[in-house]
Amino acid sequence: MTDSADAPKSRKPRKRLHYGEGREALLNAAVHVVARGGLRKLTYRAVAEEAGVTHGLVVHHFGSRDALIEEALAHTIRTSLSTSSLEPGTGRVADFSTGVSDMVTADPDTQAFQYELLLESRRRPELLPQIRELYDEYFDAAQRELGRMLPAGADRALTRLVFAALDGLVLHQLVLGEPDVTEAALEELRSLLRLLDANGDTAGEARE
């Protein structure tokens, strides 16, 4: 995480971050840096420049590069969970993952950051445990919502299958664009989930 002496000086004006907003601003800055240049570009100086602060503030908040990476990953997962409708809590198939394509369109860097870390974990196995732990939040949220939608509930295998479909759609839209294609595929996924509902019973119809 050491910055070289000949690194270019920040072109952004320094700004004072108020208590409570500093960490989130730095986490967002880290996400943008990695999304644009990969994990190798993540330095104190790059994050500070992106946020418009001194690099000492990054050190103060996180202490180490690994801590910054871990907290930034957790931050992106919380953001994705809150904007994707992966767990709307309604138990209605029609509400499941309704925000996915808009999430990618509005904030592609958040998704790119996660995929960068997934790929980096193949080269740096020490990243894998925290990625597994944090991605379990996605799996747990999906399993809870599937349990609300499906009378028989959802086991881990079905949960992984559904989430893998969502994850693939996010990746494809991130690379190829075409949010309308994402929306059409999501509706097909919801149709498949409706087929798993309780043979058209009244409880299932009410959830639609």
# chains A, B, ... in the order shown; residues from 1 in each chain; ligands from 1
$ select_by_dssp --residues "stretch 4-145 of chain A" --states "helix (DSSP H, G or I)" --output "VMD selection string"
chain A and resid 22 to 37 39 to 41 44 to 51 55 to 62 65 to 84 93 to 95 100 to 106 108 to 123 125 to 145
$ residues_around --residues "A:Gly99" --least-positions-apart "5" --cutoff "8 Å" --atoms "only C-alpha atoms" --output "compact mmCIF listing (two decimals) with N, CA, C and O atoms, in the first residue's frame"
# COMPACT_ATOMS: atom_id res chain seq x y z
N THR A 83 -30.55 -2.28 -3.03
CA THR A 83 -31.06 -1.69 -4.29
C THR A 83 -31.55 -2.72 -5.30
O THR A 83 -32.22 -2.35 -6.26
N SER A 84 -31.25 -3.98 -5.10
CA SER A 84 -31.59 -4.99 -6.10
C SER A 84 -32.94 -5.65 -5.89
O SER A 84 -33.43 -6.37 -6.76
N SER A 85 -33.56 -5.47 -4.71
CA SER A 85 -34.80 -6.17 -4.35
C SER A 85 -34.60 -7.67 -4.33
O SER A 85 -35.53 -8.43 -4.61
$ residues_around --residues "A:Val59" --least-positions-apart "3" --cutoff "10 Å" --atoms "only C-alpha atoms" --output "JSON, numbers by chain"
{"A": [1, 44, 45, 48, 54, 55, 56, 62, 63, 64, 65, 68]}
$ residues_around --residues "stretch 155-170 of chain A" --least-positions-apart "5" --cutoff "10 Å" --atoms "only C-alpha atoms" --output "PyMOL selection string"
chain A and resi 86+97+100-101+103-105+108+111-112+115+138-147+175-177+179+181-183+185-186+189-190+193
$ write_last_selection --atoms "C-alpha atoms" --output "PDB file, in the first residue's frame"
ATOM      1  CA  LEU A  86     -33.136  -9.531  -3.822  1.00  0.00           C
ATOM      2  CA  SER A  97     -35.152  -8.806  -7.917  1.00  0.00           C
ATOM      3  CA  VAL A 100     -31.416  -5.614 -10.599  1.00  0.00           C
ATOM      4  CA  SER A 101     -31.097  -4.009 -14.034  1.00  0.00           C
ATOM      5  CA  MET A 103     -28.888  -1.222 -10.031  1.00  0.00           C
ATOM      6  CA  VAL A 104     -26.322  -2.114 -12.711  1.00  0.00           C
ATOM      7  CA  THR A 105     -27.238   0.885 -14.857  1.00  0.00           C
ATOM      8  CA  PRO A 108     -21.825  -0.254 -12.443  1.00  0.00           C
ATOM      9  CA  GLN A 111     -20.678  -4.551  -9.395  1.00  0.00           C
ATOM     10  CA  ALA A 112     -17.341  -4.294 -11.221  1.00  0.00           C
ATOM     11  CA  TYR A 115     -16.134  -9.161  -9.876  1.00  0.00           C
ATOM     12  CA  TYR A 138     -26.328 -12.827  -0.769  1.00  0.00           C
ATOM     13  CA  PHE A 139     -27.166 -16.520  -0.498  1.00  0.00           C
ATOM     14  CA  ASP A 140     -28.921 -16.090   2.850  1.00  0.00           C
ATOM     15  CA  ALA A 141     -31.011 -13.156   1.590  1.00  0.00           C
ATOM     16  CA  ALA A 142     -32.020 -15.094  -1.530  1.00  0.00           C
ATOM     17  CA  GLN A 143     -32.892 -18.188   0.487  1.00  0.00           C
ATOM     18  CA  ARG A 144     -35.052 -16.227   2.912  1.00  0.00           C
ATOM     19  CA  GLU A 145     -37.022 -14.607   0.088  1.00  0.00           C
ATOM     20  CA  LEU A 146     -37.408 -17.877  -1.803  1.00  0.00           C
ATOM     21  CA  GLY A 147     -38.715 -19.378   1.426  1.00  0.00           C
ATOM     22  CA  VAL A 175     -20.174  -5.961 -19.897  1.00  0.00           C
ATOM     23  CA  LEU A 176     -22.718  -5.876 -22.716  1.00  0.00           C
ATOM     24  CA  GLY A 177     -25.279  -3.353 -21.515  1.00  0.00           C
ATOM     25  CA  PRO A 179     -30.872  -3.747 -19.622  1.00  0.00           C
ATOM     26  CA  VAL A 181     -32.410  -8.190 -22.133  1.00  0.00           C
ATOM     27  CA  THR A 182     -31.808  -8.412 -18.373  1.00  0.00           C
ATOM     28  CA  GLU A 183     -35.424  -7.493 -17.654  1.00  0.00           C
ATOM     29  CA  ALA A 185     -34.542 -12.805 -18.555  1.00  0.00           C
ATOM     30  CA  LEU A 186     -35.618 -11.813 -15.035  1.00  0.00           C
ATOM     31  CA  LEU A 189     -36.826 -16.508 -14.020  1.00  0.00           C
ATOM     32  CA  ARG A 190     -39.926 -15.324 -12.149  1.00  0.00           C
ATOM     33  CA  LEU A 193     -40.373 -19.649  -9.784  1.00  0.00           C
TER      34      LEU A 193
END
$ atom_distance --atom1 "atom CA of A:Ala25" --atom2 "atom CA of A:His61"
11.1 Å
$ residues_around --residues "A:Glu133" --least-positions-apart "6" --cutoff "12 Å" --atoms "only C-alpha atoms" --output "VMD selection string"
chain A and resid 70 73 to 74 77 127 139 to 140
$ write_last_selection --atoms "C-alpha atoms" --output "tab-separated table (two decimals), in the first residue's frame"
chain	number	residue	atom	x	y	z
A	70	GLU	CA	-12.65	-6.14	3.28
A	73	LEU	CA	-16.47	-5.46	-0.26
A	74	ALA	CA	-18.93	-5.53	2.65
A	77	ILE	CA	-22.77	-6.09	-0.84
A	127	LEU	CA	-8.99	-13.14	-0.14
A	139	PHE	CA	-27.17	-16.52	-0.50
A	140	ASP	CA	-28.92	-16.09	2.85
$ closest_residue --among "A:Val93, A:Val53, A:Ala30, A:Leu118" --to "A:Leu195" --atoms "only C-alpha atoms"
A:Val93
$ closest_residue --among "A:Ala51, A:His32, A:Arg148, A:Glu187" --to "A:Thr90" --atoms "only C-alpha atoms"
A:Arg148
$ decode --residues "stretch 162-196 of chain A" --atoms "N, CA and C atoms" --output "mmCIF file, in the first residue's frame"
data_model
loop_
_atom_site.group_PDB
_atom_site.id
_atom_site.type_symbol
_atom_site.label_atom_id
_atom_site.label_comp_id
_atom_site.auth_asym_id
_atom_site.auth_seq_id
_atom_site.Cartn_x
_atom_site.Cartn_y
_atom_site.Cartn_z
ATOM 1 N N VAL A 162 -30.636 -20.109 -8.359
ATOM 2 C CA VAL A 162 -31.325 -18.842 -8.615
ATOM 3 C C VAL A 162 -30.343 -17.683 -8.541
ATOM 4 N N PHE A 163 -29.488 -17.690 -7.516
ATOM 5 C CA PHE A 163 -28.543 -16.587 -7.393
ATOM 6 C C PHE A 163 -27.535 -16.593 -8.536
ATOM 7 N N ALA A 164 -27.112 -17.773 -8.980
ATOM 8 C CA ALA A 164 -26.170 -17.848 -10.104
ATOM 9 C C ALA A 164 -26.788 -17.226 -11.356
ATOM 10 N N ALA A 165 -28.089 -17.441 -11.552
ATOM 11 C CA ALA A 165 -28.766 -16.819 -12.692
ATOM 12 C C ALA A 165 -28.735 -15.301 -12.565
ATOM 13 N N LEU A 166 -29.026 -14.783 -11.377
ATOM 14 C CA LEU A 166 -29.002 -13.342 -11.155
ATOM 15 C C LEU A 166 -27.591 -12.788 -11.346
ATOM 16 N N ASP A 167 -26.614 -13.482 -10.800
ATOM 17 C CA ASP A 167 -25.231 -13.024 -10.878
ATOM 18 C C ASP A 167 -24.757 -12.975 -12.330
ATOM 19 N N GLY A 168 -25.148 -13.984 -13.097
ATOM 20 C CA GLY A 168 -24.776 -14.000 -14.506
ATOM 21 C C GLY A 168 -25.419 -12.871 -15.289
ATOM 22 N N LEU A 169 -26.677 -12.564 -14.969
ATOM 23 C CA LEU A 169 -27.356 -11.457 -15.647
ATOM 24 C C LEU A 169 -26.700 -10.123 -15.326
ATOM 25 N N VAL A 170 -26.297 -9.957 -14.075
ATOM 26 C CA VAL A 170 -25.605 -8.726 -13.686
ATOM 27 C C VAL A 170 -24.294 -8.592 -14.457
ATOM 28 N N LEU A 171 -23.526 -9.675 -14.536
ATOM 29 C CA LEU A 171 -22.250 -9.639 -15.250
ATOM 30 C C LEU A 171 -22.458 -9.329 -16.728
ATOM 31 N N HIS A 172 -23.435 -9.970 -17.344
ATOM 32 C CA HIS A 172 -23.685 -9.731 -18.761
ATOM 33 C C HIS A 172 -24.086 -8.286 -19.018
ATOM 34 N N GLN A 173 -24.950 -7.731 -18.164
ATOM 35 C CA GLN A 173 -25.346 -6.336 -18.371
ATOM 36 C C GLN A 173 -24.175 -5.396 -18.112
ATOM 37 N N LEU A 174 -23.344 -5.723 -17.137
ATOM 38 C CA LEU A 174 -22.179 -4.894 -16.844
ATOM 39 C C LEU A 174 -21.256 -4.805 -18.054
ATOM 40 N N VAL A 175 -21.094 -5.909 -18.760
ATOM 41 C CA VAL A 175 -20.174 -5.961 -19.897
ATOM 42 C C VAL A 175 -20.854 -5.546 -21.206
ATOM 43 N N LEU A 176 -22.065 -6.042 -21.417
ATOM 44 C CA LEU A 176 -22.718 -5.876 -22.716
ATOM 45 C C LEU A 176 -23.778 -4.779 -22.735
ATOM 46 N N GLY A 177 -24.165 -4.292 -21.562
ATOM 47 C CA GLY A 177 -25.279 -3.353 -21.515
ATOM 48 C C GLY A 177 -26.592 -4.099 -21.663
ATOM 49 N N GLU A 178 -27.504 -3.581 -22.453
ATOM 50 C CA GLU A 178 -28.768 -4.236 -22.772
ATOM 51 C C GLU A 178 -29.625 -4.542 -21.543
ATOM 52 N N PRO A 179 -30.011 -3.509 -20.778
ATOM 53 C CA PRO A 179 -30.872 -3.747 -19.622
ATOM 54 C C PRO A 179 -32.213 -4.380 -19.982
ATOM 55 N N ASP A 180 -32.694 -4.135 -21.204
ATOM 56 C CA ASP A 180 -33.961 -4.744 -21.613
ATOM 57 C C ASP A 180 -33.832 -6.259 -21.700
ATOM 58 N N VAL A 181 -32.652 -6.746 -22.097
ATOM 59 C CA VAL A 181 -32.410 -8.190 -22.133
ATOM 60 C C VAL A 181 -32.409 -8.744 -20.708
ATOM 61 N N THR A 182 -31.804 -8.005 -19.785
ATOM 62 C CA THR A 182 -31.808 -8.412 -18.373
ATOM 63 C C THR A 182 -33.230 -8.513 -17.855
ATOM 64 N N GLU A 183 -34.045 -7.505 -18.146
ATOM 65 C CA GLU A 183 -35.424 -7.493 -17.654
ATOM 66 C C GLU A 183 -36.212 -8.679 -18.205
ATOM 67 N N ALA A 184 -36.033 -8.977 -19.486
ATOM 68 C CA ALA A 184 -36.747 -10.105 -20.090
ATOM 69 C C ALA A 184 -36.329 -11.424 -19.448
ATOM 70 N N ALA A 185 -35.029 -11.580 -19.183
ATOM 71 C CA ALA A 185 -34.542 -12.805 -18.555
ATOM 72 C C ALA A 185 -35.041 -12.921 -17.115
ATOM 73 N N LEU A 186 -35.105 -11.796 -16.407
ATOM 74 C CA LEU A 186 -35.618 -11.813 -15.035
ATOM 75 C C LEU A 186 -37.081 -12.245 -15.006
ATOM 76 N N GLU A 187 -37.852 -11.799 -15.968
ATOM 77 C CA GLU A 187 -39.258 -12.202 -15.998
ATOM 78 C C GLU A 187 -39.388 -13.690 -16.278
ATOM 79 N N GLU A 188 -38.497 -14.225 -17.106
ATOM 80 C CA GLU A 188 -38.492 -15.674 -17.339
ATOM 81 C C GLU A 188 -38.142 -16.422 -16.055
ATOM 82 N N LEU A 189 -37.189 -15.885 -15.291
ATOM 83 C CA LEU A 189 -36.826 -16.508 -14.020
ATOM 84 C C LEU A 189 -38.021 -16.495 -13.063
ATOM 85 N N ARG A 190 -38.741 -15.388 -13.017
ATOM 86 C CA ARG A 190 -39.926 -15.324 -12.149
ATOM 87 C C ARG A 190 -40.977 -16.329 -12.607
ATOM 88 N N SER A 191 -41.102 -16.516 -13.916
ATOM 89 C CA SER A 191 -42.061 -17.506 -14.428
ATOM 90 C C SER A 191 -41.701 -18.904 -13.955
ATOM 91 N N LEU A 192 -40.416 -19.215 -13.950
ATOM 92 C CA LEU A 192 -39.974 -20.519 -13.463
ATOM 93 C C LEU A 192 -40.261 -20.672 -11.973
ATOM 94 N N LEU A 193 -40.081 -19.594 -11.220
ATOM 95 C CA LEU A 193 -40.373 -19.649 -9.784
ATOM 96 C C LEU A 193 -41.862 -19.856 -9.536
ATOM 97 N N ARG A 194 -42.694 -19.268 -10.392
ATOM 98 C CA ARG A 194 -44.131 -19.474 -10.246
ATOM 99 C C ARG A 194 -44.497 -20.945 -10.454
ATOM 100 N N LEU A 195 -43.770 -21.627 -11.342
ATOM 101 C CA LEU A 195 -44.034 -23.042 -11.582
ATOM 102 C C LEU A 195 -43.709 -23.884 -10.355
ATOM 103 N N LEU A 196 -42.780 -23.372 -9.519
ATOM 104 C CA LEU A 196 -42.426 -24.094 -8.303
ATOM 105 C C LEU A 196 -43.405 -23.826 -7.169
#
